[in-house]
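Engineer: I am attaching a structure below and will ask some questions about it afterwards.
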Amino acid sequence: MNKTIRRASAFCLLLVLALLGRATYVQFYKGEALADDKLNRRTTIAQYANPLGDIIVAGSPVTGSKRTDSGDLKYKRTYTDGKLYSAVTGFSSQVYGATQLEGIYGKDLSGTDTRLKNPVDALTGKATDPGDVLTTIDPAVQKAAYHALGTTKGAAVAIDPKTGAILGMVSTPSYDPSTISGSTDGTAWEKLTTDKNQPMLNRALRQALPPGSTFKLVVAAAALEDGLYSSADERTTSPNPYTLPGTSTVLKNENASAPCENASIRTALQYSCNNVFAKMAVDLGQSKVKAMAEKFGFNTEKLDIPVRAAESVYPTTEYKSQTALTGIGQFDVTATPLQMSMVSAAIANDGVLVTPHMVSKVTDAHGDTVQSYENPSSSKVVSSSTAQELQSAMQTVVNEGTGTNAKISGVEVGGKTGTAQHGENNSKTPYAWFTSYAKDSSTGKEVAVAVLIEDSGAARSEVSGNGLAAPIAQKMMKAALGSS
C-alpha cells in the first residue's frame, strides 16, 4: 500500500471515529436535552399524540383532552372552570409550551416519563398510558377566594398549618387556559400577553410586593424570641411620635389618637402602631430581624410548591433609619401572598412551619403512586410560647382592633392588617393586605390565609386591609372550616 492510500485510509478512519463519537455524544449525553428542547417538533407531536393525563382537584379532573380536527397534533388540552383554576394548573399549549403544574409534570401527563413504564412496555416500546397529578386544593376554598376577589387585581392563598397543604390559590384577573391550548390561538395569546392587567401573572406566587404592617408579626416574633420583651403585654419603649434615627423624618401612625406611646406588642398590633415596630426593629438590630424573617421563609431563592415562588426579600442595610422602615414592612421588604400565609401558618401551628405544597402525589394510569409529597419537611420558627403569645395578640386584632371584618362566630380567628405604600412618595393607590388563621375546636380544622389587594378600583381613602382584604380572608376561612 503506497503512502497516499495509507494517508487516505487513516483520514477516513478518523472521520468514521469522529462520526461515531459525535453520534455517541448526541445519543447518550445530549439526548435528553434535545428531546426536551421546545423547538423539537417530534417531542410536541409525541406529547399530543394521545389524550393527556389529568390534574385532579378533590377527586375530579379539572383538565381534559379533545381530539383536534387536523394536523399532526392529534389532541389538545381542555380545562374545566379554567379561570377558577388557572393559578393552579397553568396552561399547556401546542404552540407556547406549558407552565406551572402542566409544565412541571408534562412528562407524567403525556405518558413519556420513564417512571410510568412497566418492564414490558420498556422492552416493546409500547406507548405508556399517562399519569395524573393530584392536588391538595379544596374546591370550596378556591371558589370562595375566586368569587370574593371578583374583578379586583389581587391574590389569595390558604394553607393547612398542620400539613402544609395549599387549600386554595387564586390570582385575579384570571384567564382561561383553553383559549391558548391549540395551534391557532395567536390572537388570544397576543391579547393575554399585552393586557396591562397581566392576567397570566400568578400574583399569589410570582409577584412580591411590600407587605406593609403584616410584617409586624415577624418583628414581634423576633422581639419575643430574643427576650427584648417577655410577653405580648409588656409595655415597650416606643416614643410617639418617633423620629427615624439619623434623620428629621417623623414616622406617623395611621390613627393619630391610638394609644401607641410605649404600647405593648398586643396593643401595637391591635392599633397597628408604626412607632412601636419601627423602634423595635432598631432596638433588635437589622441582623436579628433578618434572621427571624429568614426562618419564616424570606430570602429563600428556591421555594418550590412545586411551582417556584418568587423570592420574598428582607434586605440588608447599614442605616438604622432604613431598618426602622423594615419594621413596618416598607423600605425594600417584599413578600408574596404565599409568604405571608406561611407567616400566619407557622404562628398558628405553635411555631412550626410545614413546607407548603399543592400536590399530594403523582399516580400512574392504574392509580399507583409514582411520587408522593404527603410527608413534607418542617422547621421550628419560634417557640411554642412565642407562637401562643402572637396567636393571642392576633385574636385581639380581630376581636377588638383593625381586623374585625375577619370575625367568624364560634371560631378562634387571629389576623393582622396591612396597608403598604405604592409608588414614589406613596403617590399610587396603596396595597391592602390581610394575613390570618382560624381554628375550629369542635372539628380540629385549621387554616392560614393571606390576601393581597393590589388594586380594587376603590378611592385611596377607602383602601385598608380590614375593608378590602379581611372580608375575603373570612370567606376563605369559613370555606376551609366548613362554617356556614
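Each chain in the C-alpha cells gets a letter, A, B and so on, in the order shown; residues start at 1 in every chain, and ligands are counted from 1 in the order they appear.
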Excluding same-chain residues fewer than 2 positions from A:Gln421, what lies within 8 Å of it counting only C-alpha atoms, as a list in words?

Structural biologist: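 Selected residues are Pro210, Gly212, Gln330, Thr419, Gly423, Asn426, Lys428, Thr429, Pro430 and Tyr431 of chain A.
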
Engineer: Mind listing the strand (DSSP E or B) residues of stretch 204-408 of chain A, per DSSP on the backbone, as an mmCIF file with all heavy atoms, in the first residue's frame?

Structural biologist:
data_model
loop_
_atom_site.group_PDB
_atom_site.id
_atom_site.type_symbol
_atom_site.label_atom_id
_atom_site.label_comp_id
_atom_site.auth_asym_id
_atom_site.auth_seq_id
_atom_site.Cartn_x
_atom_site.Cartn_y
_atom_site.Cartn_z
ATOM 1 N N LEU A 209 -44.471 42.024 46.744
ATOM 2 C CA LEU A 209 -44.728 43.451 46.943
ATOM 3 C C LEU A 209 -44.528 43.805 48.417
ATOM 4 O O LEU A 209 -44.488 42.913 49.275
ATOM 5 C CB LEU A 209 -46.168 43.784 46.520
ATOM 6 C CG LEU A 209 -46.502 43.575 45.040
ATOM 7 C CD1 LEU A 209 -47.996 43.753 44.802
ATOM 8 C CD2 LEU A 209 -45.704 44.528 44.164
ATOM 9 N N ARG A 235 -45.097 46.477 78.377
ATOM 10 C CA ARG A 235 -45.010 47.769 77.698
ATOM 11 C C ARG A 235 -43.640 47.927 77.059
ATOM 12 O O ARG A 235 -42.616 47.527 77.629
ATOM 13 C CB ARG A 235 -45.279 48.913 78.686
ATOM 14 C CG ARG A 235 -46.741 48.993 79.121
ATOM 15 C CD ARG A 235 -46.986 50.132 80.090
ATOM 16 N NE ARG A 235 -46.787 51.442 79.475
ATOM 17 C CZ ARG A 235 -47.700 52.076 78.729
ATOM 18 N NH1 ARG A 235 -48.855 51.488 78.461
ATOM 19 N NH2 ARG A 235 -47.442 53.267 78.239
ATOM 20 N N TYR A 242 -42.253 59.167 66.675
ATOM 21 C CA TYR A 242 -40.923 58.557 66.607
ATOM 22 C C TYR A 242 -40.193 59.115 65.393
ATOM 23 O O TYR A 242 -40.709 59.068 64.269
ATOM 24 C CB TYR A 242 -41.059 57.036 66.497
ATOM 25 C CG TYR A 242 -39.738 56.315 66.325
ATOM 26 C CD1 TYR A 242 -38.764 56.363 67.316
ATOM 27 C CD2 TYR A 242 -39.480 55.569 65.176
ATOM 28 C CE1 TYR A 242 -37.561 55.687 67.176
ATOM 29 C CE2 TYR A 242 -38.281 54.883 65.023
ATOM 30 C CZ TYR A 242 -37.321 54.945 66.026
ATOM 31 O OH TYR A 242 -36.132 54.282 65.880
ATOM 32 N N THR A 243 -38.996 59.637 65.626
ATOM 33 C CA THR A 243 -38.180 60.173 64.537
ATOM 34 C C THR A 243 -37.194 59.108 64.082
ATOM 35 O O THR A 243 -36.484 58.521 64.913
ATOM 36 C CB THR A 243 -37.405 61.425 64.994
ATOM 37 O OG1 THR A 243 -38.338 62.405 65.452
ATOM 38 C CG2 THR A 243 -36.597 62.001 63.842
ATOM 39 N N VAL A 250 -40.283 62.250 60.803
ATOM 40 C CA VAL A 250 -41.144 61.742 61.876
ATOM 41 C C VAL A 250 -42.074 60.685 61.301
ATOM 42 O O VAL A 250 -42.778 60.921 60.307
ATOM 43 C CB VAL A 250 -41.959 62.880 62.512
ATOM 44 C CG1 VAL A 250 -42.936 62.321 63.547
ATOM 45 C CG2 VAL A 250 -41.034 63.899 63.135
ATOM 46 N N LEU A 251 -42.067 59.504 61.914
ATOM 47 C CA LEU A 251 -42.917 58.412 61.456
ATOM 48 C C LEU A 251 -44.288 58.543 62.093
ATOM 49 O O LEU A 251 -44.420 58.560 63.322
ATOM 50 C CB LEU A 251 -42.277 57.072 61.831
ATOM 51 C CG LEU A 251 -42.920 55.811 61.251
ATOM 52 C CD1 LEU A 251 -42.827 55.807 59.726
ATOM 53 C CD2 LEU A 251 -42.245 54.570 61.828
ATOM 54 N N SER A 264 -47.753 48.057 74.360
ATOM 55 C CA SER A 264 -47.340 46.653 74.351
ATOM 56 C C SER A 264 -47.472 46.103 72.934
ATOM 57 O O SER A 264 -48.093 46.721 72.065
ATOM 58 C CB SER A 264 -48.223 45.832 75.290
ATOM 59 O OG SER A 264 -49.558 45.793 74.788
ATOM 60 N N LEU A 303 -38.057 28.365 46.510
ATOM 61 C CA LEU A 303 -39.215 27.862 47.237
ATOM 62 C C LEU A 303 -40.159 27.239 46.208
ATOM 63 O O LEU A 303 -40.843 27.944 45.465
ATOM 64 C CB LEU A 303 -39.904 29.001 47.994
ATOM 65 C CG LEU A 303 -41.183 28.630 48.753
ATOM 66 C CD1 LEU A 303 -40.916 27.516 49.765
ATOM 67 C CD2 LEU A 303 -41.764 29.853 49.447
ATOM 68 N N ASP A 304 -40.175 25.925 46.146
ATOM 69 C CA ASP A 304 -40.957 25.194 45.149
ATOM 70 C C ASP A 304 -42.127 24.495 45.810
ATOM 71 O O ASP A 304 -41.944 23.730 46.764
ATOM 72 C CB ASP A 304 -40.083 24.152 44.442
ATOM 73 C CG ASP A 304 -38.904 24.784 43.721
ATOM 74 O OD1 ASP A 304 -39.043 25.935 43.282
ATOM 75 O OD2 ASP A 304 -37.852 24.126 43.622
ATOM 76 N N ARG A 308 -42.262 27.171 41.354
ATOM 77 C CA ARG A 308 -41.332 28.036 42.084
ATOM 78 C C ARG A 308 -41.954 29.394 42.368
ATOM 79 O O ARG A 308 -42.498 30.051 41.474
ATOM 80 C CB ARG A 308 -40.031 28.207 41.322
ATOM 81 C CG ARG A 308 -39.025 29.117 42.033
ATOM 82 C CD ARG A 308 -37.623 28.842 41.601
ATOM 83 N NE ARG A 308 -37.232 27.475 41.980
ATOM 84 C CZ ARG A 308 -36.069 26.915 41.668
ATOM 85 N NH1 ARG A 308 -35.187 27.602 40.965
ATOM 86 N NH2 ARG A 308 -35.794 25.683 42.033
ATOM 87 N N ALA A 309 -41.881 29.813 43.620
ATOM 88 C CA ALA A 309 -42.383 31.119 44.017
ATOM 89 C C ALA A 309 -41.290 32.164 43.871
ATOM 90 O O ALA A 309 -40.097 31.862 43.990
ATOM 91 C CB ALA A 309 -42.870 31.075 45.462
ATOM 92 N N VAL A 313 -38.270 39.121 50.040
ATOM 93 C CA VAL A 313 -36.969 39.683 50.425
ATOM 94 C C VAL A 313 -37.035 40.496 51.710
ATOM 95 O O VAL A 313 -37.900 41.367 51.872
ATOM 96 C CB VAL A 313 -36.411 40.572 49.291
ATOM 97 C CG1 VAL A 313 -35.128 41.267 49.733
ATOM 98 C CG2 VAL A 313 -36.161 39.740 48.039
ATOM 99 N N THR A 334 -40.157 42.878 50.651
ATOM 100 C CA THR A 334 -41.203 42.430 49.733
ATOM 101 C C THR A 334 -41.649 41.030 50.122
ATOM 102 O O THR A 334 -40.882 40.263 50.710
ATOM 103 C CB THR A 334 -40.726 42.408 48.267
ATOM 104 O OG1 THR A 334 -39.631 41.495 48.144
ATOM 105 C CG2 THR A 334 -40.319 43.789 47.793
ATOM 106 N N ALA A 335 -42.888 40.717 49.799
ATOM 107 C CA ALA A 335 -43.420 39.389 50.122
ATOM 108 C C ALA A 335 -44.518 39.003 49.145
ATOM 109 O O ALA A 335 -45.258 39.857 48.646
ATOM 110 C CB ALA A 335 -43.972 39.369 51.552
ATOM 111 N N VAL A 352 -44.224 26.004 64.320
ATOM 112 C CA VAL A 352 -43.645 25.066 63.354
ATOM 113 C C VAL A 352 -44.158 25.391 61.953
ATOM 114 O O VAL A 352 -45.376 25.422 61.721
ATOM 115 C CB VAL A 352 -43.992 23.605 63.697
ATOM 116 C CG1 VAL A 352 -43.440 22.660 62.634
ATOM 117 C CG2 VAL A 352 -43.426 23.241 65.064
ATOM 118 N N LEU A 353 -43.232 25.618 61.027
ATOM 119 C CA LEU A 353 -43.592 25.881 59.632
ATOM 120 C C LEU A 353 -43.434 24.602 58.834
ATOM 121 O O LEU A 353 -42.324 24.082 58.669
ATOM 122 C CB LEU A 353 -42.696 26.979 59.048
ATOM 123 C CG LEU A 353 -42.898 27.310 57.561
ATOM 124 C CD1 LEU A 353 -44.313 27.809 57.306
ATOM 125 C CD2 LEU A 353 -41.877 28.330 57.090
ATOM 126 N N VAL A 354 -44.553 24.082 58.338
ATOM 127 C CA VAL A 354 -44.533 22.904 57.478
ATOM 128 C C VAL A 354 -44.419 23.381 56.039
ATOM 129 O O VAL A 354 -45.132 24.297 55.622
ATOM 130 C CB VAL A 354 -45.806 22.053 57.654
ATOM 131 C CG1 VAL A 354 -45.730 20.794 56.794
ATOM 132 C CG2 VAL A 354 -45.998 21.676 59.121
ATOM 133 N N HIS A 357 -47.166 22.959 50.027
ATOM 134 C CA HIS A 357 -47.174 22.193 48.776
ATOM 135 C C HIS A 357 -48.605 22.109 48.275
ATOM 136 O O HIS A 357 -49.544 22.078 49.064
ATOM 137 C CB HIS A 357 -46.595 20.792 48.986
ATOM 138 C CG HIS A 357 -47.332 19.993 50.028
ATOM 139 N ND1 HIS A 357 -47.165 20.205 51.382
ATOM 140 C CD2 HIS A 357 -48.249 19.004 49.916
ATOM 141 C CE1 HIS A 357 -47.934 19.377 52.062
ATOM 142 N NE2 HIS A 357 -48.614 18.642 51.199
ATOM 143 N N VAL A 359 -49.360 19.776 45.623
ATOM 144 C CA VAL A 359 -49.524 18.459 45.010
ATOM 145 C C VAL A 359 -49.337 17.414 46.092
ATOM 146 O O VAL A 359 -48.355 17.455 46.837
ATOM 147 C CB VAL A 359 -48.510 18.237 43.868
ATOM 148 C CG1 VAL A 359 -48.542 16.791 43.382
ATOM 149 C CG2 VAL A 359 -48.810 19.183 42.711
ATOM 150 N N SER A 360 -50.293 16.491 46.193
ATOM 151 C CA SER A 360 -50.160 15.426 47.191
ATOM 152 C C SER A 360 -49.401 14.243 46.615
ATOM 153 O O SER A 360 -48.560 13.651 47.286
ATOM 154 C CB SER A 360 -51.532 14.979 47.695
ATOM 155 O OG SER A 360 -52.333 14.488 46.625
ATOM 156 N N LYS A 361 -49.672 13.898 45.344
ATOM 157 C CA LYS A 361 -48.937 12.808 44.711
ATOM 158 C C LYS A 361 -49.183 12.784 43.207
ATOM 159 O O LYS A 361 -50.132 13.380 42.695
ATOM 160 C CB LYS A 361 -49.301 11.464 45.328
ATOM 161 C CG LYS A 361 -50.772 11.102 45.286
ATOM 162 C CD LYS A 361 -51.007 9.791 46.041
ATOM 163 C CE LYS A 361 -52.485 9.444 46.136
ATOM 164 N NZ LYS A 361 -52.691 8.158 46.860
ATOM 165 N N VAL A 362 -48.299 12.065 42.538
ATOM 166 C CA VAL A 362 -48.434 11.783 41.111
ATOM 167 C C VAL A 362 -48.687 10.283 40.991
ATOM 168 O O VAL A 362 -47.998 9.478 41.623
ATOM 169 C CB VAL A 362 -47.154 12.167 40.341
ATOM 170 C CG1 VAL A 362 -47.311 11.833 38.855
ATOM 171 C CG2 VAL A 362 -46.860 13.654 40.523
ATOM 172 N N THR A 363 -49.680 9.902 40.180
ATOM 173 C CA THR A 363 -50.021 8.486 40.032
ATOM 174 C C THR A 363 -49.911 8.062 38.576
ATOM 175 O O THR A 363 -49.984 8.890 37.655
ATOM 176 C CB THR A 363 -51.454 8.206 40.520
ATOM 177 O OG1 THR A 363 -52.393 8.937 39.705
ATOM 178 C CG2 THR A 363 -51.618 8.623 41.976
ATOM 179 N N THR A 369 -49.035 5.118 43.120
ATOM 180 C CA THR A 369 -48.241 6.320 43.383
ATOM 181 C C THR A 369 -46.868 6.238 42.738
ATOM 182 O O THR A 369 -46.131 5.278 42.933
ATOM 183 C CB THR A 369 -48.080 6.539 44.898
ATOM 184 O OG1 THR A 369 -49.381 6.697 45.484
ATOM 185 C CG2 THR A 369 -47.248 7.788 45.180
ATOM 186 N N VAL A 370 -46.564 7.265 41.949
ATOM 187 C CA VAL A 370 -45.248 7.383 41.324
ATOM 188 C C VAL A 370 -44.356 8.285 42.181
ATOM 189 O O VAL A 370 -43.156 8.031 42.336
ATOM 190 C CB VAL A 370 -45.374 7.964 39.897
ATOM 191 C CG1 VAL A 370 -43.994 8.241 39.295
ATOM 192 C CG2 VAL A 370 -46.169 7.031 39.014
ATOM 193 N N GLN A 371 -44.946 9.344 42.726
ATOM 194 C CA GLN A 371 -44.214 10.274 43.579
ATOM 195 C C GLN A 371 -45.174 10.854 44.599
ATOM 196 O O GLN A 371 -46.298 11.225 44.254
ATOM 197 C CB GLN A 371 -43.591 11.391 42.737
ATOM 198 C CG GLN A 371 -42.648 12.306 43.509
ATOM 199 C CD GLN A 371 -41.875 13.246 42.590
ATOM 200 O OE1 GLN A 371 -42.071 13.237 41.371
ATOM 201 N NE2 GLN A 371 -41.013 14.055 43.149
ATOM 202 N N SER A 372 -44.757 10.917 45.853
ATOM 203 C CA SER A 372 -45.625 11.410 46.924
ATOM 204 C C SER A 372 -45.018 12.637 47.584
ATOM 205 O O SER A 372 -43.804 12.741 47.758
ATOM 206 C CB SER A 372 -45.843 10.319 47.968
ATOM 207 O OG SER A 372 -46.605 10.822 49.063
ATOM 208 N N SER A 378 -40.425 20.106 57.805
ATOM 209 C CA SER A 378 -40.890 21.209 58.642
ATOM 210 C C SER A 378 -39.702 21.789 59.405
ATOM 211 O O SER A 378 -38.644 21.162 59.502
ATOM 212 C CB SER A 378 -41.966 20.736 59.620
ATOM 213 O OG SER A 378 -41.443 19.753 60.498
ATOM 214 N N SER A 379 -39.888 22.979 59.938
ATOM 215 C CA SER A 379 -38.833 23.633 60.707
ATOM 216 C C SER A 379 -39.451 24.427 61.841
ATOM 217 O O SER A 379 -40.575 24.928 61.732
ATOM 218 C CB SER A 379 -37.999 24.555 59.811
ATOM 219 O OG SER A 379 -38.813 25.574 59.249
ATOM 220 N N LYS A 380 -38.711 24.535 62.925
ATOM 221 C CA LYS A 380 -39.165 25.303 64.083
ATOM 222 C C LYS A 380 -38.773 26.760 63.887
ATOM 223 O O LYS A 380 -37.589 27.092 63.813
ATOM 224 C CB LYS A 380 -38.520 24.757 65.356
ATOM 225 C CG LYS A 380 -39.094 25.325 66.640
ATOM 226 C CD LYS A 380 -40.483 24.782 66.929
ATOM 227 C CE LYS A 380 -40.971 25.193 68.332
ATOM 228 N NZ LYS A 380 -42.366 24.767 68.577
#

Engineer: Write out as a VMD selection string which residues come within 6 Å of stretch 385-393 of chain A when counting only C-alpha atoms, dropping same-chain ones fewer than 5 positions away.

Structural biologist: chain A and resid 232 266 347 350 to 351

Engineer: Write out the residues from the selection above, keeping N, CA, C and O atoms, as an mmCIF file, in the first residue's frame.

Structural biologist:
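Contents of the output file out00.cif:
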data_model
loop_
_atom_site.group_PDB
_atom_site.id
_atom_site.type_symbol
_atom_site.label_atom_id
_atom_site.label_comp_id
_atom_site.auth_asym_id
_atom_site.auth_seq_id
_atom_site.Cartn_x
_atom_site.Cartn_y
_atom_site.Cartn_z
ATOM 1 N N ALA A 232 -46.408 39.554 75.185
ATOM 2 C CA ALA A 232 -47.122 40.483 74.295
ATOM 3 C C ALA A 232 -47.751 41.623 75.076
ATOM 4 O O ALA A 232 -48.198 42.610 74.477
ATOM 5 N N ARG A 266 -49.249 43.614 72.028
ATOM 6 C CA ARG A 266 -50.670 43.366 71.771
ATOM 7 C C ARG A 266 -51.371 44.635 71.307
ATOM 8 O O ARG A 266 -52.061 44.641 70.272
ATOM 9 N N ILE A 347 -47.229 30.567 62.924
ATOM 10 C CA ILE A 347 -47.714 31.057 64.220
ATOM 11 C C ILE A 347 -48.876 30.187 64.699
ATOM 12 O O ILE A 347 -48.926 29.778 65.869
ATOM 13 N N ASP A 350 -48.174 26.600 66.378
ATOM 14 C CA ASP A 350 -47.308 26.648 67.563
ATOM 15 C C ASP A 350 -45.833 26.801 67.204
ATOM 16 O O ASP A 350 -44.954 26.221 67.855
ATOM 17 N N GLY A 351 -45.569 27.564 66.170
ATOM 18 C CA GLY A 351 -44.197 27.915 65.831
ATOM 19 C C GLY A 351 -43.522 27.013 64.826
ATOM 20 O O GLY A 351 -42.362 27.240 64.472
#

Engineer: Looking at only C-alpha atoms, which of A:Met476, A:Ala324, A:Met358, A:Leu73 is the one that sits closest to A:Thr135?

Structural biologist: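 Residue with the minimum atom-to-atom distance to A:Thr135: A:Met358.
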
Engineer: Looking at only C-alpha atoms, which of A:Pro239, A:Gly106, A:Gly182, A:Gly410 is the one that sits closest to A:Thr68?

Structural biologist: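 Closest to A:Thr68, using only C-alpha atoms: A:Gly182.
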
Engineer: To one decimal place, how far is atom CA of A:Gly482 from atom CA of A:Thr443 in Å?

Structural biologist: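 These atoms are spaced 9.4 Å apart.
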
Engineer: To one decimal in Å, tell me the separation between atom CA of A:Asp226 and atom CA of A:Val382.

Structural biologist: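 Straight-line distance from atom CA of A:Asp226 to atom CA of A:Val382 works out to 10.2 Å.
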
Engineer: Hey, can you check how far atom CA of A:Pro61 sits from atom CA of A:Ala46?

Structural biologist: 22.1 Å
